file work12.cif (mmCIF, C-alpha atoms)
data_upload
#
loop_
_atom_site.label_atom_id
_atom_site.label_comp_id
_atom_site.auth_asym_id
_atom_site.auth_seq_id
_atom_site.Cartn_x
_atom_site.Cartn_y
_atom_site.Cartn_z
CA MET A 29 112.66 -131.18 89.94
CA GLY A 30 113.31 -131.00 93.67
CA LYS A 31 115.52 -133.42 95.57
CA THR A 32 115.67 -134.43 99.21
CA VAL A 33 119.14 -135.00 100.65
CA THR A 34 119.45 -136.68 104.02
CA THR A 35 122.61 -135.76 105.93
CA TYR A 36 123.65 -137.29 109.24
CA LEU A 37 126.38 -135.68 111.35
CA VAL A 38 127.85 -138.68 113.12
CA ASP A 39 129.51 -136.71 115.93
CA GLY A 40 127.24 -133.65 115.76
CA ASP A 41 129.99 -131.55 114.17
CA PRO A 42 129.32 -130.06 110.68
CA LYS A 43 133.05 -130.31 110.01
CA GLY A 44 133.29 -133.84 111.32
CA ILE A 45 132.21 -137.25 110.06
CA GLN A 46 128.99 -137.31 108.09
CA TYR A 47 127.15 -139.32 105.53
CA ALA A 48 124.57 -138.23 103.00
CA PHE A 49 122.28 -139.70 100.38
CA ILE A 50 119.57 -138.58 97.98
CA SER A 51 116.10 -139.94 98.65
CA ASN A 52 115.17 -142.88 96.40
CA LYS A 53 118.81 -143.25 95.26
CA ILE A 54 121.36 -145.93 96.16
CA CYS A 55 124.46 -143.71 96.20
CA GLN A 56 125.69 -143.00 99.72
CA MET A 57 128.55 -140.60 100.49
CA PHE A 58 130.68 -140.76 103.63
CA VAL A 59 132.81 -137.72 104.52
CA VAL A 60 135.64 -138.67 106.87
CA PRO A 61 138.26 -136.14 108.07
CA ARG A 62 141.79 -137.50 108.15
CA SER A 63 141.84 -137.07 111.91
CA ASN A 64 138.88 -139.46 112.29
CA LEU A 65 140.02 -142.52 110.34
CA ASP A 66 139.31 -144.76 113.32
CA TYR A 67 135.63 -144.40 112.33
CA LEU A 68 136.33 -146.81 109.46
CA ASP A 69 136.59 -149.67 111.96
CA LYS A 70 132.89 -149.24 112.72
CA GLN A 71 131.62 -149.20 109.13
CA LYS A 72 131.61 -152.52 107.30
CA LYS A 73 130.32 -150.74 104.19
CA LEU A 74 133.67 -149.00 103.89
CA GLN A 75 135.48 -152.33 103.88
CA LYS A 76 133.93 -153.29 100.54
CA PRO A 77 134.41 -152.09 96.91
CA SER A 78 134.08 -148.32 96.85
CA PHE A 79 134.96 -145.21 94.89
CA TYR A 80 136.69 -142.41 96.77
CA ILE A 81 138.23 -138.95 96.54
CA LEU A 82 140.91 -137.52 98.82
CA ILE A 83 140.57 -133.75 99.13
CA GLY A 84 143.23 -131.21 100.05
CA GLU A 85 142.45 -127.49 100.03
CA ASP A 86 144.89 -124.63 100.59
CA GLU A 87 143.93 -120.96 100.25
CA MET A 88 147.28 -120.19 98.61
CA ALA A 89 147.30 -123.00 96.06
CA LYS A 90 145.03 -124.78 93.64
CA PRO A 91 142.99 -127.36 95.57
CA GLN A 92 144.25 -130.89 95.11
CA ALA A 93 142.53 -134.25 94.92
CA TYR A 94 143.28 -137.90 94.42
CA ILE A 95 140.62 -140.06 92.78
CA GLY A 96 140.66 -143.80 93.35
CA GLU A 97 138.83 -147.07 93.74
CA THR A 98 139.41 -149.96 96.07
CA GLU A 99 138.00 -153.25 97.27
CA ASN A 100 138.47 -152.17 100.90
CA PHE A 101 138.81 -148.48 101.74
CA LYS A 102 139.70 -149.15 105.38
CA GLU A 103 142.84 -150.98 104.27
CA ARG A 104 143.62 -148.76 101.28
CA VAL A 105 143.55 -145.52 103.25
CA LYS A 106 146.31 -146.74 105.57
CA ASP A 107 148.74 -146.46 102.67
CA HIS A 108 147.40 -143.02 101.73
CA ASP A 109 147.73 -141.85 105.33
CA GLN A 110 151.41 -142.80 105.31
CA LYS A 111 152.39 -141.67 101.79
CA LYS A 112 150.14 -138.74 100.78
CA ASN A 113 150.54 -135.55 102.77
CA PHE A 114 148.24 -133.15 100.91
CA TRP A 115 144.77 -134.34 101.93
CA GLN A 116 142.51 -133.39 104.83
CA LYS A 117 139.38 -135.46 104.22
CA ALA A 118 138.10 -138.41 102.27
CA LEU A 119 134.82 -138.74 100.39
CA ILE A 120 133.85 -142.40 100.05
CA PHE A 121 130.95 -143.54 97.86
CA VAL A 122 129.22 -146.88 98.27
CA SER A 123 125.88 -148.39 97.38
CA LYS A 124 123.22 -148.36 100.12
CA ASP A 125 121.81 -151.62 98.83
CA ALA A 126 123.66 -154.26 96.81
CA ASP A 127 127.46 -154.10 96.92
CA MET A 128 129.26 -152.74 93.88
CA THR A 129 131.82 -154.88 92.07
CA LYS A 130 135.49 -154.12 91.46
CA THR A 131 134.68 -153.36 87.81
CA ASP A 132 131.87 -150.98 88.86
CA VAL A 133 134.19 -148.81 90.94
CA GLN A 134 136.89 -148.92 88.26
CA TYR A 135 134.33 -147.50 85.83
CA LEU A 136 133.43 -144.74 88.31
CA GLU A 137 137.13 -143.91 88.65
CA TYR A 138 137.43 -143.70 84.86
CA LEU A 139 134.47 -141.31 84.62
CA ALA A 140 135.62 -139.19 87.54
CA VAL A 141 139.21 -138.66 86.40
CA ARG A 142 138.04 -137.74 82.92
CA GLN A 143 135.46 -135.24 84.25
CA ALA A 144 137.79 -133.68 86.84
CA LYS A 145 140.55 -133.17 84.26
CA THR A 146 138.09 -131.54 81.87
CA VAL A 147 136.79 -129.15 84.54
CA ASN A 148 140.35 -128.54 85.84
CA ARG A 149 139.38 -126.95 89.15
CA TYR A 150 141.42 -129.40 91.22
CA SER A 151 144.97 -130.57 90.63
CA LEU A 152 145.21 -134.34 90.11
CA GLN A 153 148.99 -134.55 90.28
CA GLU A 154 148.80 -137.61 92.53
CA ASN A 155 146.86 -139.51 89.82
CA LYS A 156 149.94 -140.58 87.89
CA GLN A 157 148.05 -142.68 85.35
CA THR A 158 144.82 -142.09 83.43
CA PRO A 159 142.51 -145.07 83.99
CA LYS A 160 141.15 -146.89 80.97
CA GLU A 161 137.47 -147.65 80.55
CA PRO A 162 136.74 -151.14 81.91
CA ASN A 163 134.47 -153.54 80.09
CA LEU A 164 130.99 -153.40 81.60
CA PRO A 165 127.70 -154.78 80.24
CA GLU A 166 125.57 -151.99 78.79
CA TYR A 167 122.89 -152.27 81.48
CA GLN A 168 125.49 -152.00 84.26
CA LYS A 169 127.22 -149.08 82.54
CA ASP A 170 123.89 -147.24 82.49
CA ALA A 171 123.46 -147.92 86.20
CA MET A 172 126.95 -146.62 86.99
CA ASP A 173 126.42 -143.54 84.79
CA GLU A 174 123.41 -142.71 86.94
CA PHE A 175 125.42 -143.45 90.10
CA PHE A 176 128.11 -141.01 88.92
CA GLU A 177 125.51 -138.28 88.39
CA ASP A 178 124.59 -138.72 92.05
CA ILE A 179 128.27 -138.54 93.02
CA LYS A 180 128.55 -135.22 91.19
CA PHE A 181 125.44 -133.89 92.93
CA LEU A 182 126.57 -134.93 96.41
CA THR A 183 130.09 -133.51 96.02
CA SER A 184 128.56 -130.22 94.88
CA PHE A 185 126.08 -130.38 97.79
CA ILE A 186 128.94 -130.22 100.31
CA GLY A 187 130.77 -127.49 98.39
CA ILE A 188 133.36 -129.57 96.52
CA SER A 189 133.42 -128.27 92.94
CA ILE A 190 135.75 -130.89 91.47
CA PHE A 191 133.22 -131.96 88.81
CA GLU A 192 131.40 -128.63 88.31
CA SER A 193 131.45 -126.65 85.09
CA ALA A 194 129.66 -123.32 84.90
CA GLN A 195 126.17 -123.61 83.44
CA VAL A 196 126.40 -121.43 80.36
CA THR A 197 123.72 -120.29 77.96
CA GLN A 198 124.20 -117.56 75.41
CA LEU A 199 121.87 -115.27 77.33
CA SER A 200 123.83 -115.64 80.56
CA ILE A 201 127.30 -114.68 79.29
CA PHE A 202 128.78 -111.36 80.39
CA SER A 203 131.97 -109.76 79.08
CA PHE A 204 134.64 -107.56 80.64
CA ARG A 205 137.14 -105.63 78.52
CA ARG A 206 139.65 -103.27 80.06
CA ARG A 207 143.44 -102.83 80.05
CA GLY A 208 143.89 -105.65 77.54
CA ALA A 209 141.62 -108.05 79.41
CA ASP A 210 138.99 -109.86 77.36
CA ALA A 211 137.05 -112.03 79.79
CA LYS A 212 133.70 -113.80 79.79
CA GLY A 213 131.73 -115.08 82.73
CA VAL A 214 128.41 -116.07 84.24
CA TYR A 215 126.60 -114.93 87.38
CA ASP A 216 124.51 -116.91 89.85
CA GLY A 217 123.41 -116.48 93.42
CA ASN A 218 126.69 -117.93 94.74
CA GLY A 219 128.99 -115.50 92.94
CA PHE A 220 130.56 -114.96 89.55
CA THR A 221 132.48 -117.51 87.46
CA VAL A 222 135.03 -116.36 84.88
CA LEU A 223 135.14 -118.84 82.01
CA ARG A 224 137.98 -120.85 80.57
CA GLY A 225 139.69 -119.03 77.69
CA SER A 226 139.28 -115.59 79.24
CA ILE A 227 142.28 -113.29 78.76
CA LEU A 228 143.54 -111.31 81.76
CA SER A 229 145.53 -108.09 81.64
CA LYS A 230 149.32 -108.45 81.57
CA ASP A 231 149.92 -106.21 84.58
CA THR A 232 148.22 -104.23 87.34
CA THR A 233 147.71 -100.57 88.21
CA ASN A 234 149.68 -99.01 91.07
CA SER A 235 146.54 -98.73 93.19
CA PHE A 236 145.45 -102.34 92.68
CA LYS A 237 145.08 -104.14 96.02
CA ALA A 238 144.02 -107.73 95.26
CA ILE A 239 147.54 -108.75 94.21
CA GLU A 240 147.51 -111.98 96.20
CA LYS A 241 144.21 -113.16 94.71
CA ARG A 242 145.29 -112.27 91.18
CA ASN A 243 148.68 -113.97 91.53
CA HIS A 244 146.98 -117.08 92.89
CA THR A 245 144.59 -117.15 89.92
CA ILE A 246 147.33 -116.67 87.33
CA LYS A 247 149.66 -119.22 88.94
CA ASN A 248 147.10 -121.98 89.34
CA TYR A 249 144.53 -121.44 86.59
CA SER A 250 146.23 -119.90 83.56
CA GLN A 251 148.85 -120.22 80.88
CA ILE A 252 150.72 -117.36 79.21
CA ASN A 253 149.98 -117.01 75.49
CA GLU A 254 152.36 -115.83 72.77
CA SER A 255 151.46 -112.20 73.47
CA GLY A 256 152.32 -112.54 77.15
CA ASP A 257 148.71 -112.51 78.34
CA PRO A 258 147.49 -114.89 81.05
CA VAL A 259 144.70 -117.08 79.60
CA LEU A 260 142.48 -119.10 81.96
CA THR A 261 142.71 -122.86 81.49
CA SER A 262 139.60 -123.58 83.58
CA ASP A 263 136.48 -121.87 84.87
CA VAL A 264 137.37 -119.86 87.99
CA PRO A 265 134.71 -118.98 90.59
CA PHE A 266 134.84 -115.70 92.55
CA ALA A 267 132.78 -114.57 95.51
CA SER A 268 131.56 -111.44 93.72
CA PRO A 269 131.43 -109.85 90.25
CA SER A 270 133.72 -107.04 91.41
CA THR A 271 136.43 -109.40 92.62
CA ALA A 272 136.22 -111.22 89.29
CA SER A 273 136.54 -108.09 87.14
CA SER A 274 139.27 -106.61 89.35
CA VAL A 275 141.40 -109.75 89.04
CA CYS A 276 140.82 -109.89 85.28
CA GLY A 277 141.72 -106.26 84.69
CA GLY A 278 144.40 -105.84 87.35
CA CYS A 279 142.61 -102.70 88.54
CA SER A 280 139.81 -101.51 90.77
CA SER A 281 136.46 -102.38 89.24
CA ASN A 282 132.76 -102.34 90.04
CA GLY A 283 131.75 -105.65 88.50
CA TRP A 284 128.05 -104.82 88.71
CA VAL A 285 128.67 -102.11 86.13
CA ASP A 286 131.69 -103.44 84.22
CA TRP A 287 130.34 -106.90 83.31
CA LYS A 288 127.97 -106.49 80.34
CA ASN A 289 125.98 -108.85 78.13
CA GLU A 290 125.91 -108.73 74.33
CA LYS A 291 123.22 -106.02 74.46
CA GLY A 292 125.41 -103.79 76.62
CA GLU A 293 123.27 -104.36 79.70
CA THR A 294 125.12 -104.48 83.01
CA LEU A 295 124.65 -106.95 85.83
CA ASN A 296 123.24 -104.09 87.86
CA GLU A 297 120.55 -103.35 85.27
CA ILE A 298 119.53 -106.98 84.92
CA TYR A 299 119.68 -108.29 88.48
CA ARG A 300 119.30 -105.25 90.75
CA LYS A 301 116.99 -102.84 88.94
CA LYS A 302 113.91 -104.98 88.48
#

call {"tool": "encode", "arguments": {"input": "work12.cif", "output": "structure tokens"}}
result
Amino acid sequence: MGKTVTTYLVDGDPKGIQYAFISNKICQMFVVPRSNLDYLDKQKKLQKPSFYILIGEDEMAKPQAYIGETENFKERVKDHDQKKNFWQKALIFVSKDADMTKTDVQYLEYLAVRQAKTVNRYSLQENKQTPKEPNLPEYQKDAMDEFFEDIKFLTSFIGISIFESAQVTQLSIFSFRRRGADAKGVYDGNGFTVLRGSILSKDTTNSFKAIEKRNHTIKNYSQINESGDPVLTSDVPFASPSTASSVCGGCSSNGWVDWKNEKGETLNEIYRKK
């Protein structure tokens, strides 16, 4: 089913302040760069109970986030601006219509931390404690569950994959096995995602060039098993199938040929030769 998302660029800059919402939904997302916090003075909605995420992204490290709730984001963010160095922008979620309660946003925080830790694409090292599920009436819990689905959609809409798991069906899984690597992944129009549990090769060939990308992946998204193999602890997206297979195998690889499904069919045969 299609969806219409309305996005308004407050200062006309796609990297600046914006807000977005899904038609016929009450969830509204504000995106505020750290350099534009004075905007909060103009928005009374952001001085009420809200759920928020602070986002920090570094090409050389696992992206980091802080998930929180507050009764007044304008006041709460002052403390974060002074004490948390990692973040570059804030995503703030409020209701377009009736105001949410303190318990509502605590429930959203509980759902979000649990989902983000399961997906494990962003580090939550600033979330020192795991929030407990607050006591909400069943009808209100249902409403907040729906609200959280909209939060997940809107974060994905602007390219923040903190809640995204790869959509996997048995037919969509491809495997790569070379040099001790035993990896599985899925392909979509945005790239190739190597799945949690995939085993990477222990080392690299002399001619391998993507050392930096591989080291980044191993450092931030894997653990070493008893055999000394790096094993992915989360789904890891790559821009292309070839980058994915090269990192997994520690060698040059044409991912369009080297990723195969259970029938032995390559990505090239399925997606390019139709």

call {"tool": "resolve_selection", "arguments": {"input": "work12.cif", "expression": "the PyMOL selection byres ((chain A and resi 190) around 6)", "output": "PyMOL selection string"}}
result
chain A and resi 144+149-150+188-189+191-192

call {"tool": "closest_residue", "arguments": {"input": "work12.cif", "among": "A:Met57, A:Ile252, A:Asn289, A:Ser151", "to": "Thr183 (chain A)", "atoms": "all atoms listed in the file"}}
result
A:Met57

call {"tool": "closest_residue", "arguments": {"input": "work12.cif", "among": "A:Asn163, A:Ser123, A:Thr98, A:Ser262", "to": "Phe58 (chain A)", "atoms": "all atoms listed in the file"}}
result
A:Ser123

call {"tool": "resolve_selection", "arguments": {"input": "work12.cif", "expression": "the PyMOL selection byres ((chain A and resi 53) around 12)", "output": "PyMOL selection string"}}
result
chain A and resi 31-34+48-52+54-57+122-125+171+174-179+181-182

call {"tool": "atom_distance", "arguments": {"input": "work12.cif", "atom1": "CA of Tyr249 (chain A)", "atom2": "CA of Glu137 (chain A)"}}
result
23.7 Å

call {"tool": "closest_atom_pairs", "arguments": {"input": "work12.cif", "of": "region 45-149 of chain A", "to": "region 213-237 of chain A", "cutoff": "12 Å", "atoms": "all atoms listed in the file", "output": "JSON lines"}}
result
{"residue": "A:Thr146", "atom": "CA", "partner": "A:Arg224", "partner_atom": "CA", "distance": 10.8}
{"residue": "A:Val147", "atom": "CA", "partner": "A:Arg224", "partner_atom": "CA", "distance": 9.3}
{"residue": "A:Asn148", "atom": "CA", "partner": "A:Arg224", "partner_atom": "CA", "distance": 9.6}
{"residue": "A:Arg149", "atom": "CA", "partner": "A:Arg224", "partner_atom": "CA", "distance": 10.6}

call {"tool": "atom_distance", "arguments": {"input": "work12.cif", "atom1": "CA of Met128 (chain A)", "atom2": "CA of Pro162 (chain A)"}}
result
14.2 Å

call {"tool": "atom_distance", "arguments": {"input": "work12.cif", "atom1": "CA of Asp66 (chain A)", "atom2": "CA of Glu103 (chain A)"}}
result
11.5 Å

call {"tool": "resolve_selection", "arguments": {"input": "work12.cif", "expression": "the PyMOL selection byres ((chain A and resi 97) around 7)", "output": "ChimeraX atom specification"}}
result
/A:78-80,96,98,133-134,137

call {"tool": "closest_residue", "arguments": {"input": "work12.cif", "among": "A:Asn155, A:Asn64, A:Gln92, A:Ser203", "to": "Ser273 (chain A)", "atoms": "only C-alpha atoms"}}
result
A:Ser203

call {"tool": "closest_residue", "arguments": {"input": "work12.cif", "among": "A:Ala93, A:Leu119, A:Ala267, A:Leu65", "to": "Ile186 (chain A)", "atoms": "all atoms listed in the file"}}
result
A:Leu119

call {"tool": "closest_residue", "arguments": {"input": "work12.cif", "among": "A:Ile201, A:Ala140, A:Leu260, A:Ala238", "to": "Leu295 (chain A)", "atoms": "only C-alpha atoms"}}
result
A:Ile201

call {"tool": "residues_around", "arguments": {"input": "work12.cif", "residues": "Phe204 (chain A)", "least_positions_apart": "2", "cutoff": "9 Å", "atoms": "all atoms listed in the file", "output": "number ranges by chain"}}
result
A: 202, 206, 209-213, 273, 276-277, 283, 286-288

call {"tool": "closest_residue", "arguments": {"input": "work12.cif", "among": "A:Ala89, A:Gln116, A:Ala272, A:Arg104", "to": "Leu68 (chain A)", "atoms": "all atoms listed in the file"}}
result
A:Arg104

call {"tool": "residues_near_point", "arguments": {"input": "work12.cif", "point": "(134.6, -106.7, 95.0)", "cutoff": "8 Å", "atoms": "all atoms listed in the file", "output": "JSON, numbers by chain"}}
result
{"A": [268, 269, 270, 271, 272, 274, 281, 282, 283]}

call {"tool": "build_atoms", "arguments": {"input": "work12.cif", "residues": "region 150-161 of chain A", "atoms": "all heavy atoms", "output": "PDB file, keeping the file's coordinate frame"}}
result
ATOM      1  N   TYR A 150     140.550-128.772  90.232  1.00  0.00           N
ATOM      2  CA  TYR A 150     141.420-129.400  91.220  1.00  0.00           C
ATOM      3  C   TYR A 150     142.618-130.015  90.519  1.00  0.00           C
ATOM      4  O   TYR A 150     142.491-130.572  89.425  1.00  0.00           O
ATOM      5  CB  TYR A 150     140.678-130.498  91.987  1.00  0.00           C
ATOM      6  CG  TYR A 150     139.779-130.001  93.092  1.00  0.00           C
ATOM      7  CD1 TYR A 150     138.659-129.223  92.804  1.00  0.00           C
ATOM      8  CD2 TYR A 150     140.043-130.300  94.422  1.00  0.00           C
ATOM      9  CE1 TYR A 150     137.830-128.762  93.817  1.00  0.00           C
ATOM     10  CE2 TYR A 150     139.214-129.853  95.449  1.00  0.00           C
ATOM     11  CZ  TYR A 150     138.109-129.085  95.137  1.00  0.00           C
ATOM     12  OH  TYR A 150     137.296-128.625  96.132  1.00  0.00           O
ATOM     13  N   SER A 151     143.779-129.920  91.150  1.00  0.00           N
ATOM     14  CA  SER A 151     144.970-130.570  90.630  1.00  0.00           C
ATOM     15  C   SER A 151     144.891-132.068  90.934  1.00  0.00           C
ATOM     16  O   SER A 151     144.572-132.466  92.057  1.00  0.00           O
ATOM     17  CB  SER A 151     146.217-129.981  91.286  1.00  0.00           C
ATOM     18  OG  SER A 151     147.356-130.753  90.985  1.00  0.00           O
ATOM     19  N   LEU A 152     145.203-132.884  89.932  1.00  0.00           N
ATOM     20  CA  LEU A 152     145.210-134.340  90.110  1.00  0.00           C
ATOM     21  C   LEU A 152     146.628-134.886  89.963  1.00  0.00           C
ATOM     22  O   LEU A 152     146.849-135.952  89.393  1.00  0.00           O
ATOM     23  CB  LEU A 152     144.292-135.013  89.082  1.00  0.00           C
ATOM     24  CG  LEU A 152     142.802-134.699  89.145  1.00  0.00           C
ATOM     25  CD1 LEU A 152     142.051-135.537  88.117  1.00  0.00           C
ATOM     26  CD2 LEU A 152     142.227-134.923  90.529  1.00  0.00           C
ATOM     27  N   GLN A 153     147.609-134.153  90.489  1.00  0.00           N
ATOM     28  CA  GLN A 153     148.990-134.550  90.280  1.00  0.00           C
ATOM     29  C   GLN A 153     149.337-135.883  90.918  1.00  0.00           C
ATOM     30  O   GLN A 153     150.303-136.547  90.518  1.00  0.00           O
ATOM     31  CB  GLN A 153     149.934-133.457  90.813  1.00  0.00           C
ATOM     32  CG  GLN A 153     149.847-133.213  92.305  1.00  0.00           C
ATOM     33  CD  GLN A 153     150.668-132.016  92.736  1.00  0.00           C
ATOM     34  OE1 GLN A 153     150.642-130.970  92.081  1.00  0.00           O
ATOM     35  NE2 GLN A 153     151.419-132.146  93.814  1.00  0.00           N
ATOM     36  N   GLU A 154     148.558-136.311  91.908  1.00  0.00           N
ATOM     37  CA  GLU A 154     148.800-137.610  92.530  1.00  0.00           C
ATOM     38  C   GLU A 154     148.241-138.769  91.695  1.00  0.00           C
ATOM     39  O   GLU A 154     148.600-139.923  91.908  1.00  0.00           O
ATOM     40  CB  GLU A 154     148.184-137.645  93.926  1.00  0.00           C
ATOM     41  CG  GLU A 154     148.870-136.739  94.931  1.00  0.00           C
ATOM     42  CD  GLU A 154     150.222-137.258  95.372  1.00  0.00           C
ATOM     43  OE1 GLU A 154     150.444-138.482  95.281  1.00  0.00           O
ATOM     44  OE2 GLU A 154     151.067-136.451  95.806  1.00  0.00           O
ATOM     45  N   ASN A 155     147.350-138.465  90.746  1.00  0.00           N
ATOM     46  CA  ASN A 155     146.860-139.510  89.820  1.00  0.00           C
ATOM     47  C   ASN A 155     147.851-139.620  88.676  1.00  0.00           C
ATOM     48  O   ASN A 155     147.753-138.937  87.667  1.00  0.00           O
ATOM     49  CB  ASN A 155     145.471-139.147  89.300  1.00  0.00           C
ATOM     50  CG  ASN A 155     144.373-139.407  90.322  1.00  0.00           C
ATOM     51  OD1 ASN A 155     144.001-138.528  91.091  1.00  0.00           O
ATOM     52  ND2 ASN A 155     143.872-140.629  90.343  1.00  0.00           N
ATOM     53  N   LYS A 156     148.831-140.470  88.843  1.00  0.00           N
ATOM     54  CA  LYS A 156     149.940-140.580  87.890  1.00  0.00           C
ATOM     55  C   LYS A 156     149.496-141.156  86.549  1.00  0.00           C
ATOM     56  O   LYS A 156     150.073-140.852  85.509  1.00  0.00           O
ATOM     57  CB  LYS A 156     151.057-141.443  88.478  1.00  0.00           C
ATOM     58  CG  LYS A 156     151.546-140.995  89.848  1.00  0.00           C
ATOM     59  CD  LYS A 156     152.134-139.599  89.817  1.00  0.00           C
ATOM     60  CE  LYS A 156     152.701-139.218  91.188  1.00  0.00           C
ATOM     61  NZ  LYS A 156     153.195-137.832  91.242  1.00  0.00           N
ATOM     62  N   GLN A 157     148.501-142.026  86.569  1.00  0.00           N
ATOM     63  CA  GLN A 157     148.050-142.680  85.350  1.00  0.00           C
ATOM     64  C   GLN A 157     146.581-142.365  85.085  1.00  0.00           C
ATOM     65  O   GLN A 157     145.798-142.188  86.019  1.00  0.00           O
ATOM     66  CB  GLN A 157     148.247-144.199  85.433  1.00  0.00           C
ATOM     67  CG  GLN A 157     149.708-144.611  85.600  1.00  0.00           C
ATOM     68  CD  GLN A 157     149.867-146.113  85.706  1.00  0.00           C
ATOM     69  OE1 GLN A 157     148.918-146.833  86.045  1.00  0.00           O
ATOM     70  NE2 GLN A 157     151.059-146.599  85.425  1.00  0.00           N
ATOM     71  N   THR A 158     146.221-142.301  83.818  1.00  0.00           N
ATOM     72  CA  THR A 158     144.820-142.090  83.430  1.00  0.00           C
ATOM     73  C   THR A 158     144.158-143.454  83.273  1.00  0.00           C
ATOM     74  O   THR A 158     144.595-144.255  82.439  1.00  0.00           O
ATOM     75  CB  THR A 158     144.727-141.311  82.115  1.00  0.00           C
ATOM     76  OG1 THR A 158     145.370-140.045  82.268  1.00  0.00           O
ATOM     77  CG2 THR A 158     143.265-141.097  81.725  1.00  0.00           C
ATOM     78  N   PRO A 159     143.133-143.740  84.076  1.00  0.00           N
ATOM     79  CA  PRO A 159     142.510-145.070  83.990  1.00  0.00           C
ATOM     80  C   PRO A 159     141.801-145.295  82.657  1.00  0.00           C
ATOM     81  O   PRO A 159     141.248-144.363  82.072  1.00  0.00           O
ATOM     82  CB  PRO A 159     141.501-145.058  85.151  1.00  0.00           C
ATOM     83  CG  PRO A 159     141.259-143.617  85.443  1.00  0.00           C
ATOM     84  CD  PRO A 159     142.521-142.884  85.099  1.00  0.00           C
ATOM     85  N   LYS A 160     141.848-146.513  82.194  1.00  0.00           N
ATOM     86  CA  LYS A 160     141.150-146.890  80.970  1.00  0.00           C
ATOM     87  C   LYS A 160     139.733-147.354  81.299  1.00  0.00           C
ATOM     88  O   LYS A 160     139.467-147.824  82.407  1.00  0.00           O
ATOM     89  CB  LYS A 160     141.912-148.004  80.251  1.00  0.00           C
ATOM     90  CG  LYS A 160     143.295-147.584  79.773  1.00  0.00           C
ATOM     91  CD  LYS A 160     143.985-148.722  79.047  1.00  0.00           C
ATOM     92  CE  LYS A 160     145.371-148.288  78.563  1.00  0.00           C
ATOM     93  NZ  LYS A 160     146.073-149.388  77.859  1.00  0.00           N
ATOM     94  N   GLU A 161     138.845-147.234  80.334  1.00  0.00           N
ATOM     95  CA  GLU A 161     137.470-147.650  80.550  1.00  0.00           C
ATOM     96  C   GLU A 161     137.385-149.161  80.657  1.00  0.00           C
ATOM     97  O   GLU A 161     137.784-149.875  79.731  1.00  0.00           O
ATOM     98  CB  GLU A 161     136.578-147.163  79.412  1.00  0.00           C
ATOM     99  CG  GLU A 161     135.115-147.526  79.605  1.00  0.00           C
ATOM    100  CD  GLU A 161     134.211-146.986  78.505  1.00  0.00           C
ATOM    101  OE1 GLU A 161     134.738-146.318  77.580  1.00  0.00           O
ATOM    102  OE2 GLU A 161     132.996-147.235  78.568  1.00  0.00           O
TER     103      GLU A 161
END
